[in-house]
>>> print(open('final_5.pdb').read())   # PDB, C-alpha atoms
ATOM      1  CA  MET V  28     -47.753 -57.587  50.934  1.00  0.00           C
ATOM      2  CA  LYS V  29     -50.941 -55.563  50.543  1.00  0.00           C
ATOM      3  CA  LYS V  30     -49.681 -54.147  47.226  1.00  0.00           C
ATOM      4  CA  TRP V  31     -49.161 -57.654  45.863  1.00  0.00           C
ATOM      5  CA  LEU V  32     -52.618 -58.728  46.991  1.00  0.00           C
ATOM      6  CA  VAL V  33     -54.208 -55.671  45.325  1.00  0.00           C
ATOM      7  CA  LEU V  34     -52.249 -56.355  42.126  1.00  0.00           C
ATOM      8  CA  ILE V  35     -53.346 -60.004  42.049  1.00  0.00           C
ATOM      9  CA  VAL V  36     -57.005 -59.066  42.616  1.00  0.00           C
ATOM     10  CA  CYS V  37     -56.816 -56.442  39.827  1.00  0.00           C
ATOM     11  CA  LEU V  38     -55.284 -58.963  37.421  1.00  0.00           C
ATOM     12  CA  PHE V  39     -57.975 -61.499  38.328  1.00  0.00           C
ATOM     13  CA  LEU V  40     -60.742 -58.955  37.656  1.00  0.00           C
ATOM     14  CA  VAL V  41     -59.225 -57.986  34.317  1.00  0.00           C
ATOM     15  CA  ALA V  42     -58.898 -61.659  33.330  1.00  0.00           C
ATOM     16  CA  CYS V  43     -62.549 -62.266  34.256  1.00  0.00           C
ATOM     17  CA  ALA V  44     -63.689 -59.262  32.214  1.00  0.00           C
ATOM     18  CA  VAL V  45     -61.732 -60.429  29.178  1.00  0.00           C
ATOM     19  CA  ALA V  46     -63.023 -63.989  29.466  1.00  0.00           C
ATOM     20  CA  GLU V  47     -66.657 -62.868  29.813  1.00  0.00           C
ATOM     21  CA  ASP V  48     -68.686 -64.012  26.804  1.00  0.00           C
ATOM     22  CA  ASN V  49     -70.800 -61.233  25.332  1.00  0.00           C
ATOM     23  CA  GLY V  50     -72.089 -63.288  22.405  1.00  0.00           C
ATOM     24  CA  PRO V  51     -71.181 -62.875  18.783  1.00  0.00           C
ATOM     25  CA  VAL V  52     -69.577 -59.602  17.762  1.00  0.00           C
ATOM     26  CA  ALA V  53     -71.241 -57.819  14.861  1.00  0.00           C
ATOM     27  CA  GLN V  54     -68.891 -57.460  11.903  1.00  0.00           C
ATOM     28  CA  PRO V  55     -68.801 -54.022  10.271  1.00  0.00           C
ATOM     29  CA  GLU V  56     -70.245 -53.817   6.790  1.00  0.00           C
ATOM     30  CA  GLU V  57     -67.728 -53.449   4.015  1.00  0.00           C
ATOM     31  CA  SER V  58     -67.704 -49.927   2.693  1.00  0.00           C
ATOM     32  CA  ILE V  59     -66.853 -48.858  -0.830  1.00  0.00           C
ATOM     33  CA  ALA V  60     -65.409 -45.568   0.456  1.00  0.00           C
ATOM     34  CA  PRO V  61     -62.172 -45.603   2.471  1.00  0.00           C
ATOM     35  CA  ALA V  62     -62.595 -44.998   6.173  1.00  0.00           C
ATOM     36  CA  TYR V  63     -60.516 -41.905   6.878  1.00  0.00           C
ATOM     37  CA  VAL V  64     -59.284 -41.749  10.420  1.00  0.00           C
ATOM     38  CA  SER V  65     -57.813 -38.544  11.753  1.00  0.00           C
ATOM     39  CA  GLY V  66     -54.075 -39.045  12.060  1.00  0.00           C
ATOM     40  CA  GLY V  67     -53.977 -42.332  10.097  1.00  0.00           C
ATOM     41  CA  TRP V  68     -52.218 -42.633   6.738  1.00  0.00           C
ATOM     42  CA  MET V  69     -54.380 -43.998   3.935  1.00  0.00           C
ATOM     43  CA  THR V  70     -52.666 -45.524   0.923  1.00  0.00           C
ATOM     44  CA  ARG V  71     -54.286 -44.782  -2.375  1.00  0.00           C
ATOM     45  CA  GLU V  72     -55.773 -47.504  -4.527  1.00  0.00           C
ATOM     46  CA  ASP V  73     -54.740 -45.580  -7.635  1.00  0.00           C
ATOM     47  CA  ALA V  74     -51.455 -43.754  -7.079  1.00  0.00           C
ATOM     48  CA  THR V  75     -51.555 -41.882 -10.385  1.00  0.00           C
ATOM     49  CA  LEU V  76     -51.492 -38.117 -10.069  1.00  0.00           C
ATOM     50  CA  SER V  77     -54.746 -36.221 -10.452  1.00  0.00           C
ATOM     51  CA  GLU V  78     -55.012 -32.570 -11.455  1.00  0.00           C
ATOM     52  CA  GLU V  79     -55.680 -31.762  -7.792  1.00  0.00           C
ATOM     53  CA  ASP V  80     -52.537 -33.651  -6.729  1.00  0.00           C
ATOM     54  CA  LEU V  81     -50.424 -31.786  -9.284  1.00  0.00           C
ATOM     55  CA  ALA V  82     -51.871 -28.411  -8.261  1.00  0.00           C
ATOM     56  CA  CYS V  83     -51.138 -29.113  -4.590  1.00  0.00           C
ATOM     57  CA  PHE V  84     -47.610 -30.261  -5.433  1.00  0.00           C
ATOM     58  CA  GLU V  85     -46.861 -27.207  -7.579  1.00  0.00           C
ATOM     59  CA  LYS V  86     -48.223 -24.864  -4.913  1.00  0.00           C
ATOM     60  CA  GLY V  87     -46.167 -26.516  -2.158  1.00  0.00           C
ATOM     61  CA  MET V  88     -42.918 -26.719  -4.100  1.00  0.00           C
ATOM     62  CA  SER V  89     -42.999 -23.236  -5.610  1.00  0.00           C
ATOM     63  CA  GLY V  90     -40.060 -21.188  -4.416  1.00  0.00           C
ATOM     64  CA  LEU V  91     -37.928 -24.248  -3.653  1.00  0.00           C
ATOM     65  CA  VAL V  92     -34.546 -23.881  -5.372  1.00  0.00           C
ATOM     66  CA  GLY V  93     -31.487 -26.078  -5.775  1.00  0.00           C
ATOM     67  CA  VAL V  94     -33.258 -29.364  -6.491  1.00  0.00           C
ATOM     68  CA  SER V  95     -35.888 -30.088  -9.105  1.00  0.00           C
ATOM     69  CA  TYR V  96     -38.629 -32.510  -7.966  1.00  0.00           C
ATOM     70  CA  GLU V  97     -40.808 -34.333 -10.503  1.00  0.00           C
ATOM     71  CA  PRO V  98     -43.827 -36.022  -8.882  1.00  0.00           C
ATOM     72  CA  LEU V  99     -44.322 -39.589 -10.111  1.00  0.00           C
ATOM     73  CA  LEU V 100     -46.970 -41.008  -7.765  1.00  0.00           C
ATOM     74  CA  CYS V 101     -49.196 -39.853  -4.930  1.00  0.00           C
ATOM     75  CA  LEU V 102     -48.698 -42.646  -2.400  1.00  0.00           C
ATOM     76  CA  ALA V 103     -50.804 -41.744   0.625  1.00  0.00           C
ATOM     77  CA  THR V 104     -52.754 -39.070   2.454  1.00  0.00           C
ATOM     78  CA  GLN V 105     -53.247 -38.341   6.135  1.00  0.00           C
ATOM     79  CA  VAL V 106     -56.256 -36.422   7.411  1.00  0.00           C
ATOM     80  CA  VAL V 107     -55.284 -33.946  10.121  1.00  0.00           C
ATOM     81  CA  ALA V 108     -56.408 -30.318  10.525  1.00  0.00           C
ATOM     82  CA  GLY V 109     -56.010 -30.267   6.757  1.00  0.00           C
ATOM     83  CA  THR V 110     -54.264 -32.989   4.751  1.00  0.00           C
ATOM     84  CA  ASN V 111     -50.740 -34.390   4.628  1.00  0.00           C
ATOM     85  CA  THR V 112     -49.794 -36.000   1.319  1.00  0.00           C
ATOM     86  CA  CYS V 113     -46.838 -38.225   0.429  1.00  0.00           C
ATOM     87  CA  TYR V 114     -45.462 -38.071  -3.126  1.00  0.00           C
ATOM     88  CA  LEU V 115     -42.839 -40.275  -4.743  1.00  0.00           C
ATOM     89  CA  CYS V 116     -40.605 -37.980  -6.805  1.00  0.00           C
ATOM     90  CA  ARG V 117     -37.612 -38.073  -9.090  1.00  0.00           C
ATOM     91  CA  ALA V 118     -35.203 -35.451  -7.778  1.00  0.00           C
ATOM     92  CA  THR V 119     -32.298 -33.844  -9.585  1.00  0.00           C
ATOM     93  CA  VAL V 120     -29.876 -31.363  -8.105  1.00  0.00           C
ATOM     94  CA  VAL V 121     -29.777 -28.345 -10.404  1.00  0.00           C
ATOM     95  CA  TYR V 122     -26.310 -28.519 -11.927  1.00  0.00           C
ATOM     96  CA  PRO V 123     -24.955 -30.018 -15.188  1.00  0.00           C
ATOM     97  CA  ASN V 124     -24.793 -33.836 -15.398  1.00  0.00           C
ATOM     98  CA  ALA V 125     -26.407 -34.313 -11.984  1.00  0.00           C
ATOM     99  CA  VAL V 126     -27.483 -37.874 -11.242  1.00  0.00           C
ATOM    100  CA  PRO V 127     -31.210 -38.114 -10.450  1.00  0.00           C
ATOM    101  CA  TYR V 128     -32.389 -39.898  -7.334  1.00  0.00           C
ATOM    102  CA  TYR V 129     -35.768 -40.723  -5.775  1.00  0.00           C
ATOM    103  CA  ALA V 130     -37.304 -38.989  -2.794  1.00  0.00           C
ATOM    104  CA  LEU V 131     -40.464 -38.973  -0.709  1.00  0.00           C
ATOM    105  CA  VAL V 132     -41.917 -35.479  -0.468  1.00  0.00           C
ATOM    106  CA  TYR V 133     -44.415 -34.804   2.326  1.00  0.00           C
ATOM    107  CA  LEU V 134     -46.682 -31.768   1.896  1.00  0.00           C
ATOM    108  CA  TYR V 135     -49.268 -30.272   4.245  1.00  0.00           C
ATOM    109  CA  GLN V 136     -52.343 -28.461   2.918  1.00  0.00           C
ATOM    110  CA  ASN V 137     -54.230 -26.566   5.611  1.00  0.00           C
ATOM    111  CA  LEU V 138     -57.970 -25.944   5.610  1.00  0.00           C
ATOM    112  CA  ALA V 139     -57.464 -22.560   3.928  1.00  0.00           C
ATOM    113  CA  GLY V 140     -55.701 -24.268   0.980  1.00  0.00           C
ATOM    114  CA  GLU V 141     -52.155 -23.097   1.776  1.00  0.00           C
ATOM    115  CA  VAL V 142     -49.506 -25.748   1.107  1.00  0.00           C
ATOM    116  CA  SER V 143     -46.127 -26.179   2.798  1.00  0.00           C
ATOM    117  CA  VAL V 144     -43.324 -28.757   2.762  1.00  0.00           C
ATOM    118  CA  LEU V 145     -43.268 -31.015   5.834  1.00  0.00           C
ATOM    119  CA  ASP V 146     -40.323 -33.223   4.933  1.00  0.00           C
ATOM    120  CA  ILE V 147     -38.235 -34.515   2.043  1.00  0.00           C
ATOM    121  CA  GLN V 148     -36.543 -37.904   2.441  1.00  0.00           C
ATOM    122  CA  GLN V 149     -34.012 -39.189  -0.079  1.00  0.00           C
ATOM    123  CA  LEU V 150     -34.555 -42.889  -0.799  1.00  0.00           C
ATOM    124  CA  GLU V 151     -31.525 -45.139  -0.625  1.00  0.00           C
ATOM    125  CA  LEU V 152     -32.177 -47.835  -3.205  1.00  0.00           C
ATOM    126  CA  GLY V 153     -28.862 -49.656  -2.893  1.00  0.00           C
ATOM    127  CA  VAL V 154     -28.016 -49.044  -6.548  1.00  0.00           C
ATOM    128  CA  HIS V 155     -24.680 -47.457  -7.316  1.00  0.00           C
TER
END
>>> encode(input="final_5.pdb", output="structure tokens")
Amino acid sequence: MKKWLVLIVCLFLVACAVAEDNGPVAQPEESIAPAYVSGGWMTREDATLSEEDLACFEKGMSGLVGVSYEPLLCLATQVVAGTNTCYLCRATVVYPNAVPYYALVYLYQNLAGEVSVLDIQQLELGVH
């Protein structure tokens, strides 16, 4: 019975704190620069590939054999202890008459500038 009473009192106190009126909340000013949050993915306003994007992609994909990946767009970045980047790519298995498909390629560039592959996900577009 005491546990229920404590729970009810706690819920009442939380409800009172939420209902308390602190006046108007100041709205943050709109910023022209994106607000990067550590761990949050930020989509890019312009997904076209920059020279920096291409250099990062080439560095990360060098040495990968068996499938050829052509970067089409740089979709998003994620600030961590370095940067994760998501690329939309056209992928083709390296053999004659291979049918190309689309894939998301995730690369990680550490603070020293080294790039590695985090993940590659083949996109299922429902087209046969």
>>> atom_distance(input="final_5.pdb", atom1="CA of Gly153 in chain V", atom2="CA of Thr75 in chain V")
25.1 Å
>>> closest_residue(input="final_5.pdb", among="V:Ser89, V:Gln105, V:Ser95, V:Gln149", to="Ala118 in chain V", atoms="only C-alpha atoms")
V:Ser95
>>> residues_around(input="final_5.pdb", residues="Arg117 in chain V", least_positions_apart="5", cutoff="9 Å", atoms="only C-alpha atoms", output="count of residues only")
10
>>> atom_distance(input="final_5.pdb", atom1="CA of Ala82 in chain V", atom2="CA of Asn124 in chain V")
28.5 Å
>>> atom_distance(input="final_5.pdb", atom1="CA of Glu141 in chain V", atom2="CA of Gly93 in chain V")
22.2 Å
>>> residues_near_point(input="final_5.pdb", point="(-51.8, -41.1, -10.3)", cutoff="10 Å", atoms="only C-alpha atoms", output="compact mmCIF listing (two decimals) with C-alpha atoms, keeping the file's coordinate frame")
# COMPACT_ATOMS: atom_id res chain seq x y z
CA ARG V 71 -54.29 -44.78 -2.38
CA GLU V 72 -55.77 -47.50 -4.53
CA ASP V 73 -54.74 -45.58 -7.64
CA ALA V 74 -51.46 -43.75 -7.08
CA THR V 75 -51.56 -41.88 -10.38
CA LEU V 76 -51.49 -38.12 -10.07
CA SER V 77 -54.75 -36.22 -10.45
CA GLU V 78 -55.01 -32.57 -11.46
CA ASP V 80 -52.54 -33.65 -6.73
CA LEU V 81 -50.42 -31.79 -9.28
CA PRO V 98 -43.83 -36.02 -8.88
CA LEU V 99 -44.32 -39.59 -10.11
CA LEU V 100 -46.97 -41.01 -7.76
CA CYS V 101 -49.20 -39.85 -4.93
CA LEU V 102 -48.70 -42.65 -2.40
>>> axis_aligned_box(input="final_5.pdb", around="range 98-113 of chain V", padding_each_side="6 Å", output="lines of an AutoDock Vina configuration file")
center_x = -50.1
center_y = -36.5
center_z = 0.2
size_x = 24.6
size_y = 24.4
size_z = 32.6
>>> resolve_selection(input="final_5.pdb", expression="the PyMOL selection byres ((chain V and resi 134) around 8)", output="CSV table (one decimal) with C-alpha atoms, in the frame of the given file")
chain,number,residue,atom,x,y,z
V,84,PHE,CA,-47.6,-30.3,-5.4
V,87,GLY,CA,-46.2,-26.5,-2.2
V,111,ASN,CA,-50.7,-34.4,4.6
V,112,THR,CA,-49.8,-36.0,1.3
V,113,CYS,CA,-46.8,-38.2,0.4
V,132,VAL,CA,-41.9,-35.5,-0.5
V,133,TYR,CA,-44.4,-34.8,2.3
V,135,TYR,CA,-49.3,-30.3,4.2
V,136,GLN,CA,-52.3,-28.5,2.9
V,142,VAL,CA,-49.5,-25.7,1.1
V,143,SER,CA,-46.1,-26.2,2.8
V,144,VAL,CA,-43.3,-28.8,2.8
V,145,LEU,CA,-43.3,-31.0,5.8
V,146,ASP,CA,-40.3,-33.2,4.9
>>> residues_around(input="final_5.pdb", residues="Tyr122 in chain V", least_positions_apart="3", cutoff="10 Å", atoms="only C-alpha atoms", output="ChimeraX atom specification")
/V:93-94,119,125-126
>>> closest_residue(input="final_5.pdb", among="V:Leu138, V:Trp68, V:Glu79, V:Ile147", to="Tyr114 in chain V", atoms="all atoms listed in the file")
V:Ile147
